[in-house]
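Participant: Structure file model19.pdb (PDB, C-alpha atoms, pLDDT in the B column) is given on the next line.
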```
MODEL        1
ATOM      1  CA  MET A 785       0.000   0.000   0.000  1.00 62.00           C
ATOM      2  CA  SER A 786       1.378   3.419  -0.973  1.00 71.00           C
ATOM      3  CA  THR A 787       2.220   6.006   1.674  1.00 84.00           C
ATOM      4  CA  LYS A 788      -0.541   8.303   0.377  1.00 85.00           C
ATOM      5  CA  ARG A 789      -3.109   5.503   0.512  1.00 84.00           C
ATOM      6  CA  GLU A 790      -1.957   4.453   3.973  1.00 89.00           C
ATOM      7  CA  ALA A 791      -2.434   8.006   5.228  1.00 92.00           C
ATOM      8  CA  ALA A 792      -5.914   8.251   3.702  1.00 90.00           C
ATOM      9  CA  VAL A 793      -7.000   4.916   5.178  1.00 91.00           C
ATOM     10  CA  GLN A 794      -5.519   5.817   8.558  1.00 94.00           C
ATOM     11  CA  ALA A 795      -7.581   9.032   8.574  1.00 95.00           C
ATOM     12  CA  VAL A 796     -10.678   6.874   8.090  1.00 96.00           C
ATOM     13  CA  LEU A 797      -9.668   4.489  10.874  1.00 95.00           C
ATOM     14  CA  ASP A 798      -9.040   7.413  13.205  1.00 96.00           C
ATOM     15  CA  PHE A 799     -12.463   8.845  12.352  1.00 98.00           C
ATOM     16  CA  LEU A 800     -14.457   5.684  13.102  1.00 98.00           C
ATOM     17  CA  PRO A 801     -14.850   4.816  16.792  1.00 97.00           C
ATOM     18  CA  VAL A 802     -14.905   1.023  16.323  1.00 97.00           C
ATOM     19  CA  PRO A 803     -13.487  -1.465  13.789  1.00 97.00           C
ATOM     20  CA  THR A 804     -15.500  -4.099  11.967  1.00 98.00           C
ATOM     21  CA  PRO A 805     -16.034  -7.124  14.244  1.00 97.00           C
ATOM     22  CA  GLU A 806     -13.983 -10.202  13.399  1.00 97.00           C
ATOM     23  CA  ARG A 807     -17.153 -12.301  13.282  1.00 96.00           C
ATOM     24  CA  TRP A 808     -18.557 -10.148  10.482  1.00 97.00           C
ATOM     25  CA  LEU A 809     -15.367 -10.661   8.473  1.00 97.00           C
ATOM     26  CA  GLU A 810     -15.636 -14.415   8.978  1.00 96.00           C
ATOM     27  CA  GLN A 811     -19.241 -14.359   7.772  1.00 96.00           C
ATOM     28  CA  ALA A 812     -18.279 -12.236   4.759  1.00 96.00           C
ATOM     29  CA  LEU A 813     -15.797 -14.885   3.645  1.00 96.00           C
ATOM     30  CA  GLU A 814     -18.338 -17.635   4.254  1.00 94.00           C
ATOM     31  CA  HIS A 815     -20.989 -15.851   2.190  1.00 95.00           C
ATOM     32  CA  LEU A 816     -19.082 -14.102  -0.553  1.00 96.00           C
ATOM     33  CA  ASP A 817     -22.096 -14.216  -2.865  1.00 96.00           C
ATOM     34  CA  VAL A 818     -24.262 -12.193  -0.469  1.00 96.00           C
ATOM     35  CA  LEU A 819     -21.374  -9.803   0.205  1.00 97.00           C
ATOM     36  CA  LEU A 820     -20.854  -9.055  -3.488  1.00 97.00           C
ATOM     37  CA  ILE A 821     -24.551  -8.722  -4.299  1.00 97.00           C
ATOM     38  CA  ASP A 822     -25.076  -6.261  -1.492  1.00 97.00           C
ATOM     39  CA  HIS A 823     -21.857  -4.449  -2.335  1.00 98.00           C
ATOM     40  CA  ALA A 824     -23.313  -3.855  -5.807  1.00 98.00           C
ATOM     41  CA  ASN A 825     -26.484  -2.559  -4.176  1.00 97.00           C
ATOM     42  CA  CYS A 826     -24.450  -0.205  -1.982  1.00 97.00           C
ATOM     43  CA  GLU A 827     -22.740   1.309  -5.015  1.00 97.00           C
ATOM     44  CA  LYS A 828     -26.115   1.969  -6.650  1.00 97.00           C
ATOM     45  CA  LYS A 829     -27.485   3.490  -3.458  1.00 96.00           C
ATOM     46  CA  ALA A 830     -24.420   5.700  -3.084  1.00 97.00           C
ATOM     47  CA  ALA A 831     -24.928   7.024  -6.594  1.00 98.00           C
ATOM     48  CA  GLY A 832     -28.626   7.523  -5.861  1.00 97.00           C
ATOM     49  CA  THR A 833     -27.874   9.511  -2.708  1.00 97.00           C
ATOM     50  CA  ALA A 834     -25.542  11.814  -4.587  1.00 97.00           C
ATOM     51  CA  LEU A 835     -28.071  12.314  -7.383  1.00 97.00           C
ATOM     52  CA  SER A 836     -30.908  13.036  -4.985  1.00 97.00           C
ATOM     53  CA  LEU A 837     -28.825  15.799  -3.400  1.00 98.00           C
ATOM     54  CA  LEU A 838     -28.112  17.201  -6.866  1.00 96.00           C
ATOM     55  CA  TYR A 839     -31.830  17.483  -7.538  1.00 96.00           C
ATOM     56  CA  ARG A 840     -32.726  18.916  -4.138  1.00 97.00           C
ATOM     57  CA  TYR A 841     -29.969  21.506  -3.694  1.00 97.00           C
ATOM     58  CA  VAL A 842     -29.540  23.145  -7.092  1.00 97.00           C
ATOM     59  CA  ASP A 843     -28.238  26.444  -5.697  1.00 95.00           C
ATOM     60  CA  ARG A 844     -24.952  25.089  -4.338  1.00 97.00           C
ATOM     61  CA  PRO A 845     -22.362  24.897  -7.179  1.00 96.00           C
ATOM     62  CA  LYS A 846     -19.624  23.233  -5.104  1.00 97.00           C
ATOM     63  CA  LEU A 847     -22.017  20.496  -3.986  1.00 98.00           C
ATOM     64  CA  LEU A 848     -23.305  19.980  -7.535  1.00 98.00           C
ATOM     65  CA  MET A 849     -19.884  19.535  -9.106  1.00 97.00           C
ATOM     66  CA  THR A 850     -18.476  17.374  -6.305  1.00 98.00           C
ATOM     67  CA  LEU A 851     -21.421  14.984  -6.124  1.00 97.00           C
ATOM     68  CA  SER A 852     -21.878  14.794  -9.892  1.00 98.00           C
ATOM     69  CA  ARG A 853     -18.375  13.342 -10.191  1.00 97.00           C
ATOM     70  CA  LEU A 854     -18.949  11.136  -7.160  1.00 98.00           C
ATOM     71  CA  ALA A 855     -22.177   9.692  -8.601  1.00 98.00           C
ATOM     72  CA  ARG A 856     -20.431   8.765 -11.864  1.00 98.00           C
ATOM     73  CA  GLU A 857     -17.664   7.041  -9.936  1.00 98.00           C
ATOM     74  CA  GLU A 858     -20.135   5.080  -7.803  1.00 98.00           C
ATOM     75  CA  LEU A 859     -21.971   3.850 -10.900  1.00 98.00           C
ATOM     76  CA  ARG A 860     -18.672   2.727 -12.407  1.00 98.00           C
ATOM     77  CA  HIS A 861     -17.977   0.807  -9.208  1.00 98.00           C
ATOM     78  CA  PHE A 862     -21.376  -0.851  -9.527  1.00 98.00           C
ATOM     79  CA  GLU A 863     -20.435  -2.020 -13.018  1.00 98.00           C
ATOM     80  CA  GLN A 864     -17.143  -3.390 -11.727  1.00 98.00           C
ATOM     81  CA  VAL A 865     -18.773  -5.307  -8.873  1.00 98.00           C
ATOM     82  CA  HIS A 866     -21.302  -6.713 -11.335  1.00 98.00           C
ATOM     83  CA  GLU A 867     -18.417  -7.939 -13.490  1.00 97.00           C
ATOM     84  CA  HIS A 868     -17.050  -9.849 -10.486  1.00 97.00           C
ATOM     85  CA  LEU A 869     -20.488 -11.359  -9.927  1.00 98.00           C
ATOM     86  CA  GLU A 870     -20.666 -12.531 -13.518  1.00 97.00           C
ATOM     87  CA  ALA A 871     -17.120 -13.915 -13.377  1.00 96.00           C
ATOM     88  CA  ARG A 872     -18.231 -16.087 -10.456  1.00 96.00           C
ATOM     89  CA  SER A 873     -21.606 -17.010 -11.994  1.00 97.00           C
ATOM     90  CA  ILE A 874     -23.370 -15.359  -9.057  1.00 97.00           C
ATOM     91  CA  GLU A 875     -26.871 -14.252  -9.969  1.00 96.00           C
ATOM     92  CA  TYR A 876     -27.570 -10.620  -9.150  1.00 96.00           C
ATOM     93  CA  VAL A 877     -30.813 -10.978  -7.187  1.00 94.00           C
ATOM     94  CA  HIS A 878     -32.914  -8.661  -5.055  1.00 92.00           C
ATOM     95  CA  LEU A 879     -31.842  -8.308  -1.433  1.00 95.00           C
ATOM     96  CA  SER A 880     -33.754  -6.596   1.321  1.00 92.00           C
ATOM     97  CA  PRO A 881     -31.896  -3.630   2.831  1.00 92.00           C
ATOM     98  CA  SER A 882     -30.103  -3.884   6.140  1.00 91.00           C
ATOM     99  CA  ARG A 883     -31.035  -1.802   9.169  1.00 95.00           C
ATOM    100  CA  TYR A 884     -27.859   0.258   8.784  1.00 97.00           C
ATOM    101  CA  ALA A 885     -28.954   3.085   6.491  1.00 94.00           C
ATOM    102  CA  GLY A 886     -32.348   3.378   8.137  1.00 96.00           C
ATOM    103  CA  GLY A 887     -30.734   3.558  11.558  1.00 97.00           C
ATOM    104  CA  LEU A 888     -28.616   6.520  10.453  1.00 98.00           C
ATOM    105  CA  LYS A 889     -31.362   8.241   8.464  1.00 97.00           C
ATOM    106  CA  ALA A 890     -33.540   8.289  11.578  1.00 98.00           C
ATOM    107  CA  LEU A 891     -31.087  10.832  13.011  1.00 98.00           C
ATOM    108  CA  VAL A 892     -31.341  13.251  10.072  1.00 98.00           C
ATOM    109  CA  ARG A 893     -33.212  16.395  11.115  1.00 97.00           C
ATOM    110  CA  SER A 894     -36.027  17.774   8.951  1.00 95.00           C
ATOM    111  CA  GLY A 895     -35.267  21.503   8.950  1.00 95.00           C
ATOM    112  CA  GLU A 896     -32.681  23.203   6.745  1.00 96.00           C
ATOM    113  CA  PRO A 897     -29.747  23.515   6.645  1.00 95.00           C
ATOM    114  CA  GLN A 898     -29.619  20.731   9.257  1.00 97.00           C
ATOM    115  CA  ARG A 899     -31.170  18.237   6.866  1.00 98.00           C
ATOM    116  CA  LEU A 900     -28.485  18.829   4.250  1.00 98.00           C
ATOM    117  CA  VAL A 901     -25.654  18.845   6.773  1.00 98.00           C
ATOM    118  CA  ASP A 902     -26.874  15.694   8.525  1.00 98.00           C
ATOM    119  CA  THR A 903     -27.232  13.908   5.174  1.00 98.00           C
ATOM    120  CA  LEU A 904     -23.698  14.886   4.224  1.00 98.00           C
ATOM    121  CA  VAL A 905     -22.382  13.710   7.603  1.00 98.00           C
ATOM    122  CA  MET A 906     -24.193  10.410   7.106  1.00 98.00           C
ATOM    123  CA  GLY A 907     -22.598  10.116   3.660  1.00 98.00           C
ATOM    124  CA  ALA A 908     -19.160  10.653   5.157  1.00 98.00           C
ATOM    125  CA  ILE A 909     -19.758   7.965   7.789  1.00 98.00           C
ATOM    126  CA  VAL A 910     -21.050   5.420   5.256  1.00 98.00           C
ATOM    127  CA  GLU A 911     -18.086   6.029   2.946  1.00 98.00           C
ATOM    128  CA  ALA A 912     -15.685   5.758   5.885  1.00 98.00           C
ATOM    129  CA  ARG A 913     -17.160   2.418   6.945  1.00 98.00           C
ATOM    130  CA  SER A 914     -17.023   1.130   3.378  1.00 98.00           C
ATOM    131  CA  CYS A 915     -13.353   2.104   3.173  1.00 97.00           C
ATOM    132  CA  GLU A 916     -12.596   0.440   6.505  1.00 98.00           C
ATOM    133  CA  ARG A 917     -14.289  -2.778   5.411  1.00 98.00           C
ATOM    134  CA  PHE A 918     -12.557  -2.798   2.029  1.00 97.00           C
ATOM    135  CA  ALA A 919      -9.226  -2.466   3.826  1.00 96.00           C
ATOM    136  CA  ALA A 920     -10.060  -5.281   6.247  1.00 97.00           C
ATOM    137  CA  LEU A 921     -11.354  -7.587   3.499  1.00 97.00           C
ATOM    138  CA  ALA A 922      -8.534  -6.929   1.046  1.00 94.00           C
ATOM    139  CA  GLY A 923      -6.122  -9.041   3.059  1.00 92.00           C
ATOM    140  CA  LEU A 924      -8.557 -11.943   3.257  1.00 96.00           C
ATOM    141  CA  LEU A 925     -10.216 -12.237  -0.158  1.00 94.00           C
ATOM    142  CA  PRO A 926      -9.114 -14.130  -3.279  1.00 89.00           C
ATOM    143  CA  GLY A 927      -6.490 -12.373  -5.390  1.00 91.00           C
ATOM    144  CA  ASP A 928      -8.666 -10.616  -7.975  1.00 94.00           C
ATOM    145  CA  LEU A 929     -11.126  -9.345  -5.368  1.00 95.00           C
ATOM    146  CA  ALA A 930      -8.342  -8.355  -2.995  1.00 96.00           C
ATOM    147  CA  ALA A 931      -6.762  -6.241  -5.736  1.00 96.00           C
ATOM    148  CA  PHE A 932     -10.143  -4.707  -6.607  1.00 96.00           C
ATOM    149  CA  TYR A 933     -10.881  -3.785  -3.000  1.00 96.00           C
ATOM    150  CA  GLN A 934      -7.407  -2.313  -2.619  1.00 94.00           C
ATOM    151  CA  ARG A 935      -8.090  -0.060  -5.612  1.00 94.00           C
ATOM    152  CA  LEU A 936     -11.399   1.045  -4.112  1.00 95.00           C
ATOM    153  CA  LEU A 937      -9.677   2.355  -0.987  1.00 95.00           C
ATOM    154  CA  ASP A 938      -8.553   5.528  -2.735  1.00 93.00           C
ATOM    155  CA  SER A 939     -12.007   6.515  -3.952  1.00 95.00           C
ATOM    156  CA  GLU A 940     -13.806   5.602  -0.726  1.00 95.00           C
ATOM    157  CA  ALA A 941     -11.361   7.594   1.393  1.00 96.00           C
ATOM    158  CA  ARG A 942     -11.728  10.514  -1.010  1.00 96.00           C
ATOM    159  CA  HIS A 943     -15.541  10.307  -0.912  1.00 97.00           C
ATOM    160  CA  PHE A 944     -15.401  10.347   2.887  1.00 98.00           C
ATOM    161  CA  GLU A 945     -13.319  13.515   2.835  1.00 97.00           C
ATOM    162  CA  GLN A 946     -15.554  15.129   0.206  1.00 98.00           C
ATOM    163  CA  TYR A 947     -18.745  14.533   2.169  1.00 98.00           C
ATOM    164  CA  LEU A 948     -17.175  15.752   5.393  1.00 98.00           C
ATOM    165  CA  THR A 949     -15.757  18.857   3.699  1.00 98.00           C
ATOM    166  CA  LEU A 950     -19.183  19.678   2.214  1.00 98.00           C
ATOM    167  CA  ALA A 951     -20.838  19.181   5.611  1.00 98.00           C
ATOM    168  CA  ARG A 952     -18.429  21.646   7.204  1.00 97.00           C
ATOM    169  CA  ARG A 953     -18.955  24.083   4.329  1.00 97.00           C
ATOM    170  CA  TYR A 954     -22.730  24.282   4.763  1.00 97.00           C
ATOM    171  CA  ALA A 955     -22.986  23.857   8.539  1.00 97.00           C
ATOM    172  CA  GLN A 956     -23.949  26.895  10.563  1.00 94.00           C
ATOM    173  CA  GLU A 957     -22.622  25.384  13.781  1.00 92.00           C
ATOM    174  CA  PRO A 958     -19.716  23.093  14.759  1.00 94.00           C
ATOM    175  CA  LEU A 959     -20.164  19.515  13.578  1.00 96.00           C
ATOM    176  CA  GLU A 960     -18.790  17.813  16.679  1.00 95.00           C
ATOM    177  CA  GLU A 961     -22.148  17.157  18.334  1.00 96.00           C
ATOM    178  CA  THR A 962     -23.763  15.824  15.162  1.00 97.00           C
ATOM    179  CA  LEU A 963     -20.737  13.672  14.401  1.00 98.00           C
ATOM    180  CA  GLY A 964     -20.704  12.300  17.928  1.00 97.00           C
ATOM    181  CA  ILE A 965     -24.378  11.327  17.831  1.00 98.00           C
ATOM    182  CA  MET A 966     -24.176   9.685  14.414  1.00 98.00           C
ATOM    183  CA  LEU A 967     -20.903   7.885  15.062  1.00 98.00           C
ATOM    184  CA  GLU A 968     -22.224   6.487  18.317  1.00 98.00           C
ATOM    185  CA  ARG A 969     -25.286   5.119  16.523  1.00 98.00           C
ATOM    186  CA  GLU A 970     -23.143   3.772  13.690  1.00 98.00           C
ATOM    187  CA  ALA A 971     -20.964   1.896  16.165  1.00 98.00           C
ATOM    188  CA  GLU A 972     -24.064   0.293  17.669  1.00 97.00           C
ATOM    189  CA  LEU A 973     -25.293  -0.795  14.237  1.00 97.00           C
ATOM    190  CA  ILE A 974     -21.895  -2.221  13.257  1.00 97.00           C
ATOM    191  CA  THR A 975     -21.122  -4.114  16.453  1.00 96.00           C
ATOM    192  CA  GLY A 976     -24.586  -5.170  17.608  1.00 95.00           C
ATOM    193  CA  ALA A 977     -26.030  -8.571  16.732  1.00 94.00           C
ATOM    194  CA  ASP A 978     -27.924  -8.332  13.445  1.00 94.00           C
ATOM    195  CA  THR A 979     -30.594 -10.498  11.859  1.00 90.00           C
ATOM    196  CA  THR A 980     -29.574  -9.994   8.217  1.00 92.00           C
ATOM    197  CA  PHE A 981     -26.068 -10.274   6.793  1.00 96.00           C
ATOM    198  CA  ARG A 982     -25.278  -7.364   4.504  1.00 96.00           C
ATOM    199  CA  PHE A 983     -22.252  -5.290   3.519  1.00 97.00           C
ATOM    200  CA  HIS A 984     -23.019  -2.760   6.249  1.00 97.00           C
ATOM    201  CA  SER A 985     -24.616  -5.076   8.787  1.00 97.00           C
ATOM    202  CA  GLY A 986     -23.337  -6.155  12.144  1.00 97.00           C
ATOM    203  CA  PRO A 987     -22.435  -9.821  12.700  1.00 96.00           C
ATOM    204  CA  VAL A 988     -25.531 -11.986  12.445  1.00 94.00           C
ATOM    205  CA  SER A 989     -26.666 -14.614  14.886  1.00 84.00           C
ATOM    206  CA  VAL A 990     -28.550 -16.761  12.358  1.00 66.00           C
ATOM    207  CA  SER A 991     -27.157 -19.907  10.740  1.00 60.00           C
ATOM    208  CA  GLY A 992     -25.328 -20.045   7.433  1.00 53.00           C
ATOM    209  CA  ARG A 993     -28.352 -21.699   5.862  1.00 52.00           C
ATOM    210  CA  GLN A 994     -30.532 -18.788   6.936  1.00 54.00           C
ATOM    211  CA  ILE A 995     -28.044 -16.275   5.541  1.00 57.00           C
ATOM    212  CA  ARG A 996     -28.152 -18.036   2.188  1.00 57.00           C
ATOM    213  CA  ALA A 997     -31.943 -18.087   2.296  1.00 53.00           C
ATOM    214  CA  GLN A 998     -31.997 -14.324   2.837  1.00 59.00           C
ATOM    215  CA  ALA A 999     -30.260 -13.861  -0.501  1.00 60.00           C
ATOM    216  CA  ARG A1000     -32.900 -15.692  -2.513  1.00 56.00           C
TER     217      ARG A1000
ENDMDL
END
```
Take the structure from the file and write it as structure tokens.

Facilitator:
Amino acid sequence: MSTKREAAVQAVLDFLPVPTPERWLEQALEHLDVLLIDHANCEKKAAGTALSLLYRYVDRPKLLMTLSRLAREELRHFEQVHEHLEARSIEYVHLSPSRYAGGLKALVRSGEPQRLVDTLVMGAIVEARSCERFAALAGLLPGDLAAFYQRLLDSEARHFEQYLTLARRYAQEPLEETLGIMLEREAELITGADTTFRFHSGPVSVSGRQIRAQAR
């Protein structure tokens, strides 16, 4: 890993209060098909989030240009994950969402500019967690996927910084309280026992057979 990449990933690790549980990593390796399918879904959702902000906040040029580029990159990542699915003859099927995004969205305030700022903070946290999980998985996955996840580290760390920079730009008050509340909730979602294995879930307590059934 290059020095620049190491520094970017370390900034993400320093930002997040807790690492991914070892049990989740074990389950990811046991259920690579579910991991990749939901990873593809996450890339689509990330692009969708960026596009929805583009439509809602048309009077903020910096936001428009930053998130337009980000959305294109996320869609390219979706295509790349789909290529890995096809290479492994894994059918890209519908998966129900995890509780993760909903748990964070519940903290987004309704008034402006708090709604925008909270959404940007949430975007930064999601991108940071994705980067942290890519880094953790890269040393465990088969060669082609390990190399792919290593390449994704640069963009995920950059997306984290972009969202956080935008949040600070449009906030009318210090972000520390909002960050503290959201990061605390994120840590609970990541470390707490989950019922559905997904890319952003916590470790699940169900059996492997049940995890496979959830992907059908």

Participant: For the structure provided, state which residues fall under the PyMOL selection byres ((chain A and resi 933-944) around 10), and present them as a PyMOL selection string.

Facilitator: chain A and resi 785+788-796+850-851+854+857-858+861+865+904-923+925+927-932+945-949

Participant: Under the rule that only C-alpha atoms are counted, which of A:His878, A:Arg952, A:His868, A:Lys828 is the nearest residue to Val901 of chain A?

Facilitator: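 Looking at the shortest contact to Val901 of chain A, the residue is A:Arg952.
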
Participant: So the first atom is atom CA of Gln811 of chain A and the second is atom CA of Gly887 of chain A; what is the distance between them in Å, to one decimal place?

Facilitator: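 These atoms are spaced 21.6 Å apart.
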
Participant: Name the residues that the PyMOL selection byres ((chain A and resi 983) around 6) pulls out of this structure, and write them as JSON, numbers by chain.

Facilitator: {"A": [819, 822, 823, 982, 984, 985]}

Participant: Rounded to one decimal in Å, what is the spacing between atom CA of Met966 of chain A and atom CA of Glu810 of chain A?

Facilitator: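 Value for the atom CA of Met966 of chain A-atom CA of Glu810 of chain A distance: 26.1 Å.
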
Participant: Within 9 Å of segment 813-818 of chain A, which residues of segment 835-922 of chain A come that close, and what is the closest atom pair and distance in Å for each? Count all atoms listed in the file and give it as a Markdown table.

Facilitator:
```
| residue | atom | partner | partner_atom | distance |
| --- | --- | --- | --- | --- |
| A:Leu869 | CA | A:Asp817 | CA | 7.8 |
| A:Arg872 | CA | A:Asp817 | CA | 8.7 |
| A:Ile874 | CA | A:Asp817 | CA | 6.4 |
| A:Glu875 | CA | A:Asp817 | CA | 8.6 |
| A:Leu879 | CA | A:Val818 | CA | 8.6 |
| A:Leu921 | CA | A:Leu813 | CA | 8.5 |
```
